[in-house]
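K.L.:
Here you go, this is run_39.txt (compact mmCIF, C-alpha atoms).
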# COMPACT_ATOMS: atom_id res chain seq x y z
CA MET F 258 -4.81 2.28 3.28
CA LEU F 259 -5.26 0.94 -0.24
CA ALA F 260 -7.42 -1.91 1.05
CA GLY F 261 -9.72 0.64 2.67
CA LEU F 262 -9.59 2.97 -0.30
CA PHE F 263 -10.29 0.42 -3.05
CA GLY F 264 -10.83 -3.01 -1.49
CA ALA F 265 -13.75 -2.13 0.78
CA PRO F 266 -15.72 -0.24 -1.93
CA ALA F 267 -15.07 -3.10 -4.39
CA LEU F 268 -16.46 -5.64 -1.92
CA LEU F 269 -19.44 -3.41 -1.22
CA LEU F 270 -20.07 -3.06 -4.93
CA CYS F 271 -20.00 -6.83 -5.35
CA ALA F 272 -22.32 -7.29 -2.37
CA GLY F 273 -24.67 -4.62 -3.69
CA HIS F 274 -25.18 -6.37 -7.04
CA HIS F 275 -28.81 -7.56 -7.26
CA LEU F 276 -29.25 -6.55 -3.64
CA ARG F 277 -33.02 -7.08 -3.57
CA ARG F 278 -32.58 -10.76 -4.40
CA LYS F 279 -30.10 -11.30 -1.56
CA SER F 280 -30.77 -12.44 1.97
CA ARG F 281 -31.64 -10.10 4.81
CA ALA F 282 -28.19 -10.70 6.36
CA VAL F 283 -26.33 -9.68 3.16
CA ARG F 284 -28.54 -6.59 2.82
CA GLY F 285 -27.88 -5.64 6.43
CA ALA F 286 -24.15 -6.19 6.00
CA PHE F 287 -24.16 -4.12 2.79
CA TRP F 288 -25.93 -1.10 4.30
CA GLY F 289 -23.89 -1.33 7.49
CA GLY F 290 -20.62 -1.59 5.57
CA LEU F 291 -21.60 1.29 3.30
CA ALA F 292 -22.49 3.54 6.24
CA GLY F 293 -19.30 2.56 8.09
CA HIS F 294 -17.10 3.18 5.08
CA THR F 295 -18.77 6.51 4.30
CA ILE F 296 -18.30 7.81 7.85
CA ALA F 297 -14.74 6.47 8.04
CA SER F 298 -13.75 7.93 4.65
CA HIS F 299 -14.99 11.37 5.73
CA ALA F 300 -12.92 11.05 8.91
CA ALA F 301 -9.90 9.91 6.85
CA ILE F 302 -10.17 12.93 4.54
CA TRP F 303 -10.55 15.23 7.55
CA TYR F 304 -7.53 13.77 9.35
CA SER F 305 -5.40 13.78 6.19
CA MET F 306 -5.71 17.58 6.11
CA VAL F 307 -3.95 17.97 9.48
CA PRO F 308 -0.74 19.88 8.68
CA PRO F 309 2.60 18.19 9.51
CA GLU F 310 3.57 20.73 12.19
CA ALA F 311 0.52 19.59 14.17
CA TRP F 312 1.60 15.95 14.03
CA ALA F 313 2.88 14.35 17.20
CA SER F 314 4.47 10.97 17.79
CA ASN F 315 1.63 9.95 20.11
CA ASP F 316 -1.37 11.02 17.99
CA THR F 317 -2.55 7.51 17.20
CA ILE F 318 -6.06 8.63 16.20
CA ARG F 319 -4.78 10.55 13.17
CA GLY F 320 -2.75 7.60 11.91
CA LEU F 321 -5.51 5.13 12.68
CA ALA F 322 -8.23 7.20 10.98
CA GLY F 323 -6.06 8.02 7.97
CA PHE F 324 -4.54 4.64 7.24
CA TYR F 325 -6.79 1.94 8.71
CA GLY F 326 -10.03 3.80 9.37
CA MET F 327 -11.71 3.11 6.03
CA LEU F 328 -11.12 -0.63 6.23
CA ALA F 329 -12.01 -0.75 9.93
CA GLY F 330 -15.08 1.44 9.38
CA ALA F 331 -16.38 -0.83 6.63
CA ALA F 332 -15.68 -3.95 8.75
CA ILE F 333 -17.34 -2.54 11.88
CA GLY F 334 -20.31 -1.27 9.83
CA THR F 335 -20.70 -4.70 8.21
CA ALA F 336 -20.65 -6.40 11.61
CA VAL F 337 -23.19 -3.96 13.03
CA GLY F 338 -25.38 -4.39 9.94
CA LEU F 339 -25.23 -8.19 10.28
CA LEU F 340 -26.11 -8.04 13.98
CA ARG F 341 -29.01 -5.69 13.35
CA ALA F 342 -30.30 -7.90 10.54
CA GLY F 343 -30.07 -10.96 12.76
CA ARG F 344 -31.84 -9.22 15.64
CA ALA F 345 -34.60 -7.95 13.35
CA HIS F 346 -35.02 -11.49 11.94
CA ARG F 347 -35.35 -12.99 15.45
CA GLY F 348 -37.78 -10.24 16.44
CA SER F 349 -40.14 -10.84 13.52
CA MET Q 219 -27.01 -12.73 -42.14
CA GLN Q 220 -30.51 -13.93 -41.53
CA ILE Q 221 -32.25 -12.47 -38.54
CA THR Q 222 -34.53 -14.87 -36.80
CA PRO Q 223 -37.64 -13.58 -35.04
CA GLY Q 224 -36.94 -12.72 -31.41
CA SER Q 225 -33.25 -12.03 -31.93
CA SER Q 226 -31.92 -8.50 -32.33
CA PRO Q 227 -29.64 -7.39 -35.20
CA PRO Q 228 -25.85 -7.51 -34.57
CA ALA Q 229 -25.49 -3.69 -34.63
CA LYS Q 230 -28.13 -3.33 -31.94
CA ARG Q 231 -26.53 -6.09 -29.88
CA SER Q 232 -23.07 -4.50 -30.05
CA GLY Q 233 -24.62 -1.15 -29.10
CA ARG Q 234 -26.27 -2.75 -26.11
CA TRP Q 235 -23.01 -4.41 -25.14
CA LEU Q 236 -21.18 -1.07 -25.35
CA ALA Q 237 -23.84 0.65 -23.25
CA ARG Q 238 -23.57 -2.14 -20.67
CA ALA Q 239 -19.77 -1.87 -20.62
CA ALA Q 240 -20.00 1.92 -20.28
CA PHE Q 241 -22.50 1.57 -17.42
CA TYR Q 242 -20.38 -0.89 -15.43
CA THR Q 243 -17.15 1.03 -16.10
CA HIS Q 244 -18.89 4.20 -14.91
CA LEU Q 245 -20.25 2.43 -11.83
CA TRP Q 246 -17.02 0.70 -10.78
CA LEU Q 247 -14.70 3.63 -11.40
CA GLY Q 248 -17.15 6.02 -9.76
CA VAL Q 249 -17.38 3.94 -6.60
CA LEU Q 250 -13.71 2.94 -6.40
CA PHE Q 251 -12.33 6.44 -6.91
CA THR Q 252 -14.88 8.38 -4.86
CA VAL Q 253 -12.64 8.95 -1.84
CA ALA Q 254 -9.51 9.69 -3.90
CA LEU Q 255 -11.36 12.14 -6.17
CA LEU Q 256 -13.08 13.78 -3.19
CA SER Q 257 -9.72 14.32 -1.50
CA ILE Q 258 -8.14 15.67 -4.71
CA SER Q 259 -11.13 17.99 -5.27
CA ILE Q 260 -11.09 19.40 -1.72
CA THR Q 261 -7.33 20.01 -1.76
CA GLY Q 262 -7.64 21.52 -5.25
CA ILE Q 263 -10.28 24.02 -4.10
CA LEU Q 264 -8.19 24.92 -1.04
CA LEU Q 265 -5.11 25.41 -3.24
CA ASN Q 266 -7.03 27.63 -5.66
CA HIS Q 267 -7.88 29.95 -2.76
CA LYS Q 268 -4.59 29.65 -0.86
CA ARG Q 269 -4.11 33.42 -0.69
CA GLY Q 270 -7.63 34.15 0.51
CA LEU Q 271 -7.44 31.37 3.09
CA GLY Q 272 -4.11 32.65 4.39
CA LEU Q 273 -2.27 29.46 3.45
CA MET Q 274 0.26 31.48 1.45
CA PRO Q 275 1.51 34.82 2.81
CA GLU Q 276 0.95 37.74 0.48
CA VAL Q 277 3.58 40.51 0.88
CA ASP Q 278 2.95 43.81 -0.87
CA HIS Q 279 6.30 45.44 -1.53
CA GLU Q 280 7.93 47.82 -3.98
CA PRO Q 281 11.63 47.19 -4.86
CA ALA Q 282 14.01 49.40 -2.81
CA GLY Q 283 16.64 49.44 -5.59
CA GLU Q 284 17.83 47.93 -8.86
CA PHE Q 285 18.12 44.16 -9.15
CA THR Q 286 21.82 44.63 -10.08
CA THR Q 287 22.50 45.99 -6.58
CA ALA Q 288 20.85 43.04 -4.83
CA LEU Q 289 22.68 41.29 -1.99
CA PRO Q 290 24.22 37.83 -2.68
CA LEU Q 291 21.94 34.84 -2.17
CA ALA Q 292 24.09 33.48 0.68
CA THR Q 293 23.70 36.76 2.59
CA LEU Q 294 19.93 36.78 2.03
CA ALA Q 295 19.75 33.16 3.23
CA ASP Q 296 21.67 34.08 6.40
CA ARG Q 297 19.30 37.00 7.06
CA ALA Q 298 16.33 34.66 6.67
CA ARG Q 299 17.91 32.08 8.98
CA ALA Q 300 18.53 34.73 11.63
CA ALA Q 301 14.86 35.81 11.48
CA THR Q 302 13.50 32.38 12.42
CA LEU Q 303 13.54 30.31 15.58
CA PRO Q 304 16.82 28.36 16.07
CA ALA Q 305 15.06 25.02 15.45
CA ILE Q 306 13.74 26.23 12.10
CA GLY Q 307 16.98 28.01 11.16
CA ALA Q 308 18.88 24.76 11.73
CA SER Q 309 16.81 22.96 9.08
CA PRO Q 310 18.06 23.10 5.46
CA ILE Q 311 16.72 25.59 2.96
CA ASP Q 312 14.25 23.97 0.58
CA ARG Q 313 14.23 26.73 -2.04
CA MET Q 314 14.80 30.43 -2.66
CA ASP Q 315 12.25 32.12 -4.87
CA VAL Q 316 13.67 35.43 -6.16
CA ARG Q 317 11.13 38.01 -7.33
CA PRO Q 318 13.03 40.93 -8.95
CA ARG Q 319 9.76 42.68 -9.90
CA ASN Q 320 8.67 42.75 -6.23
CA GLY Q 321 12.21 43.26 -4.89
CA TYR Q 322 12.21 40.31 -2.51
CA VAL Q 323 13.26 36.72 -2.14
CA LYS Q 324 11.19 34.03 -0.46
CA VAL Q 325 13.38 31.65 1.54
CA ARG Q 326 11.56 28.42 2.38
CA PHE Q 327 12.92 26.06 5.01
CA ARG Q 328 12.51 22.30 4.97
CA ASP Q 329 10.86 22.13 8.40
CA PRO Q 330 7.48 20.49 9.17
CA ALA Q 331 5.63 23.82 8.84
CA SER Q 332 7.49 24.82 5.63
CA THR Q 333 8.38 28.18 7.19
CA GLU Q 334 8.98 30.92 4.66
CA VAL Q 335 10.88 34.16 5.26
CA THR Q 336 10.43 37.03 2.80
CA VAL Q 337 13.60 39.13 2.62
CA GLU Q 338 14.15 42.42 0.78
CA ILE Q 339 16.86 41.72 -1.82
CA ASN Q 340 18.58 45.15 -1.67
CA ASP Q 341 18.79 45.96 2.03
CA GLY Q 342 18.23 42.48 3.47
CA SER Q 343 15.39 43.52 5.76
CA VAL Q 344 12.91 40.81 6.76
CA LEU Q 345 9.45 41.59 5.39
CA HIS Q 346 7.51 38.55 6.61
CA VAL Q 347 7.94 35.27 8.47
CA GLY Q 348 5.22 32.67 8.27
CA ARG Q 349 4.32 29.10 7.49
CA ARG Q 350 3.35 27.88 4.03
CA GLY Q 351 0.20 25.86 4.58
CA ASP Q 352 -0.17 25.13 0.89
CA VAL Q 353 3.01 23.00 0.65
CA PHE Q 354 1.48 20.04 2.49
CA LEU Q 355 -1.83 20.48 0.65
CA GLU Q 356 0.03 20.36 -2.67
CA LYS Q 357 1.70 17.10 -1.60
CA LEU Q 358 -1.65 15.71 -0.51
CA HIS Q 359 -3.19 16.79 -3.82
CA SER Q 360 -0.51 15.00 -5.84
CA GLY Q 361 -0.28 12.00 -3.48
CA GLU Q 362 3.37 12.80 -2.66
CA ALA Q 363 2.46 13.18 1.03
CA PHE Q 364 2.40 9.36 1.29
CA GLY Q 365 5.61 8.78 -0.69
CA ASP Q 366 7.13 9.42 -4.11
CA ARG Q 367 5.32 6.54 -5.85
CA TRP Q 368 1.92 7.68 -4.61
CA VAL Q 369 1.69 10.23 -7.41
CA LEU Q 370 0.50 7.21 -9.41
CA LEU Q 371 -2.68 7.24 -7.31
CA SER Q 372 -3.31 10.82 -8.42
CA ASP Q 373 -2.62 9.78 -12.03
CA ALA Q 374 -5.02 6.85 -11.71
CA ALA Q 375 -7.70 9.16 -10.29
CA ALA Q 376 -7.23 11.59 -13.18
CA ILE Q 377 -7.51 8.75 -15.73
CA ALA Q 378 -10.58 7.43 -13.90
CA LEU Q 379 -12.18 10.86 -14.00
CA THR Q 380 -11.56 11.12 -17.76
CA ILE Q 381 -13.11 7.67 -18.32
CA LEU Q 382 -16.03 8.65 -16.07
CA LEU Q 383 -16.64 11.71 -18.26
CA ILE Q 384 -16.50 9.70 -21.48
CA THR Q 385 -18.76 6.92 -20.19
CA GLY Q 386 -21.13 9.46 -18.64
CA TYR Q 387 -21.53 11.28 -21.93
CA TRP Q 388 -21.86 7.95 -23.73
CA LEU Q 389 -24.67 6.82 -21.43
CA TRP Q 390 -26.43 10.17 -21.74
CA LEU Q 391 -26.13 10.91 -25.46
CA VAL Q 392 -25.98 7.59 -27.32
CA PRO Q 393 -29.56 6.49 -26.45
CA LYS Q 394 -30.82 9.92 -27.64
CA TRP Q 395 -28.80 9.69 -30.86
CA ARG Q 396 -30.08 6.15 -31.59
CA ARG Q 397 -33.75 7.21 -31.33
Represent the structure contained in this file as structure tokens.
P.N.:
Amino acid sequence: MLAGLFGAPALLLCAGHHLRRKSRAVRGAFWGGLAGHTIASHAAIWYSMVPPEAWASNDTIRGLAGFYGMLAGAAIGTAVGLLRAGRAHRGS
Amino acid sequence: MQITPGSSPPAKRSGRWLARAAFYTHLWLGVLFTVALLSISITGILLNHKRGLGLMPEVDHEPAGEFTTALPLATLADRARAATLPAIGASPIDRMDVRPRNGYVKVRFRDPASTEVTVEINDGSVLHVGRRGDVFLEKLHSGEAFGDRWVLLSDAAAIALTILLITGYWLWLVPKWRR
């Protein structure tokens, strides 16, 4: 959870430094990662508010979204951003 | 010290360095603590309005007798236990909050829903049975929901917020003051 909470934003901040001077792939990865992390962090906050009496042993989505979602969201967003950047580069 | 053309005086340079440090501190802390501060802010707002949102039961009651004639705590606890479902009654009592001015005691159980039974302290009648939704929110607000040591995360967020305020004011006011 800490990696998603602090690690992913730290990496995004590093990647976002002098963004205009960076390659199309890095820019795509940055925006993808940022979007992924933003969506995942909203989901994590939402799922963290679920009261304990509503918890069940088989509700994997809550645990996944709360603990790993932010890291996974940033990683998936970065991958999507990279793919999109690559596709756009090939298309031009 | 001699100032050569093209170089800025030391005072100006140190001021620029401070402004730069304030900017990057503001940027890094702002980005790193966004999610933690957002979570603390949302839970804080919900806790401020816990009565209005129905997270904490509000029982209007006038005392039926003097506090000196109140039933013993063990009896009141038994009455509360009997008023709940067997599964909840079997869980230990977390705390008993006696309110002599209102003439009742709130008996909170250590079950997942933090069930609370409000019992009249003089006649032992059950006034209300309900869950305390604010208990989990309080733990989430302090970080305790994840474990005892996680209160440090809440502390770190509070320190970060203080530094954000200081650096924010610095970045806003110092350039104006220098002019």
K.L.:
With a distance threshold of 9 Å and counting all atoms listed in the file, extract the residues of chain Q near chain F and express them as a list in words.
P.N.:
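Result: Leu245, Trp246, Val249, Leu250, Phe251, Thr252, Val253, Ala254, Leu256, Ser257, Thr261, Asp329, Pro330, Ala331, Ser332, Gly351, Phe354, Leu355 and Leu358 of chain Q.
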K.L.:
Rounded to one decimal place, report the atom CA of Thr287 of chain Q-atom CA of Val323 of chain Q distance in Å.
P.N.:
13.8 Å
K.L.:
If we count only C-alpha atoms and set the cut-off at 7 Å, which residues sit around Phe324 of chain F, ignoring sequence neighbours fewer than 3 positions away in its own chain? Please answer as a PDB file with C-alpha atoms, in the frame of the given file.
P.N.:
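Dumped everything to out15.pdb:
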ATOM      1  CA  MET F 258      -4.810   2.280   3.280  1.00  0.00           C
ATOM      2  CA  GLY F 320      -2.750   7.600  11.910  1.00  0.00           C
ATOM      3  CA  LEU F 321      -5.510   5.130  12.680  1.00  0.00           C
TER       4      LEU F 321
END
K.L.:
Grab the atom CA of Pro318 of chain Q to atom CA of Asn266 of chain Q distance for me, in Å with one decimal place.
P.N.:
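Atom CA of Asn266 of chain Q lies at a distance of 24.3 Å from atom CA of Pro318 of chain Q.
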K.L.:
Atom CA of Pro290 of chain Q to atom CA of Glu276 of chain Q: how many Å, to one decimal?
P.N.:
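Taking atom CA of Pro290 of chain Q as the start and atom CA of Glu276 of chain Q as the end point, the length is 23.5 Å.
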K.L.:
Leaving out Trp288 of chain F and any residue of its chain fewer than 6 positions from it, which residues lie within 9 Å of it when counting all atoms listed in the file, given as a ChimeraX atom specification?
P.N.:
/F:269,273,334-335,338
K.L.:
Excluding Val337 of chain F and any residue of its chain fewer than 6 positions from it, enumerate the residues within 12 Å of it, using only C-alpha atoms, and give them as a ChimeraX atom specification.
P.N.:
/F:282-293,330-331,343-344
K.L.:
Env of segment 295-311 of chain Q: 7 Å cut, atoms = only C-alpha atoms, seq-sep filter 5 positions within chain, self excluded. Answer as a ChimeraX atom specification.
P.N.:
/Q:325-329,335,337,342
K.L.:
List every protein, DNA or RNA residue that has an atom no more than 12 Å from (21.2, 48.3, -6.9) in the file's coordinate frame, counting only C-alpha atoms, and report them as number ranges by chain.
P.N.:
Q: 281-290, 318, 321, 338-341
K.L.:
Choose the residue, out of Q:Leu294, Q:Leu236, Q:Ile384, Q:Val277, that has the smallest atom-to-atom separation from Leu345 of chain Q; count all atoms listed in the file.
P.N.:
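Smallest distance to Leu345 of chain Q is found for Q:Val277.
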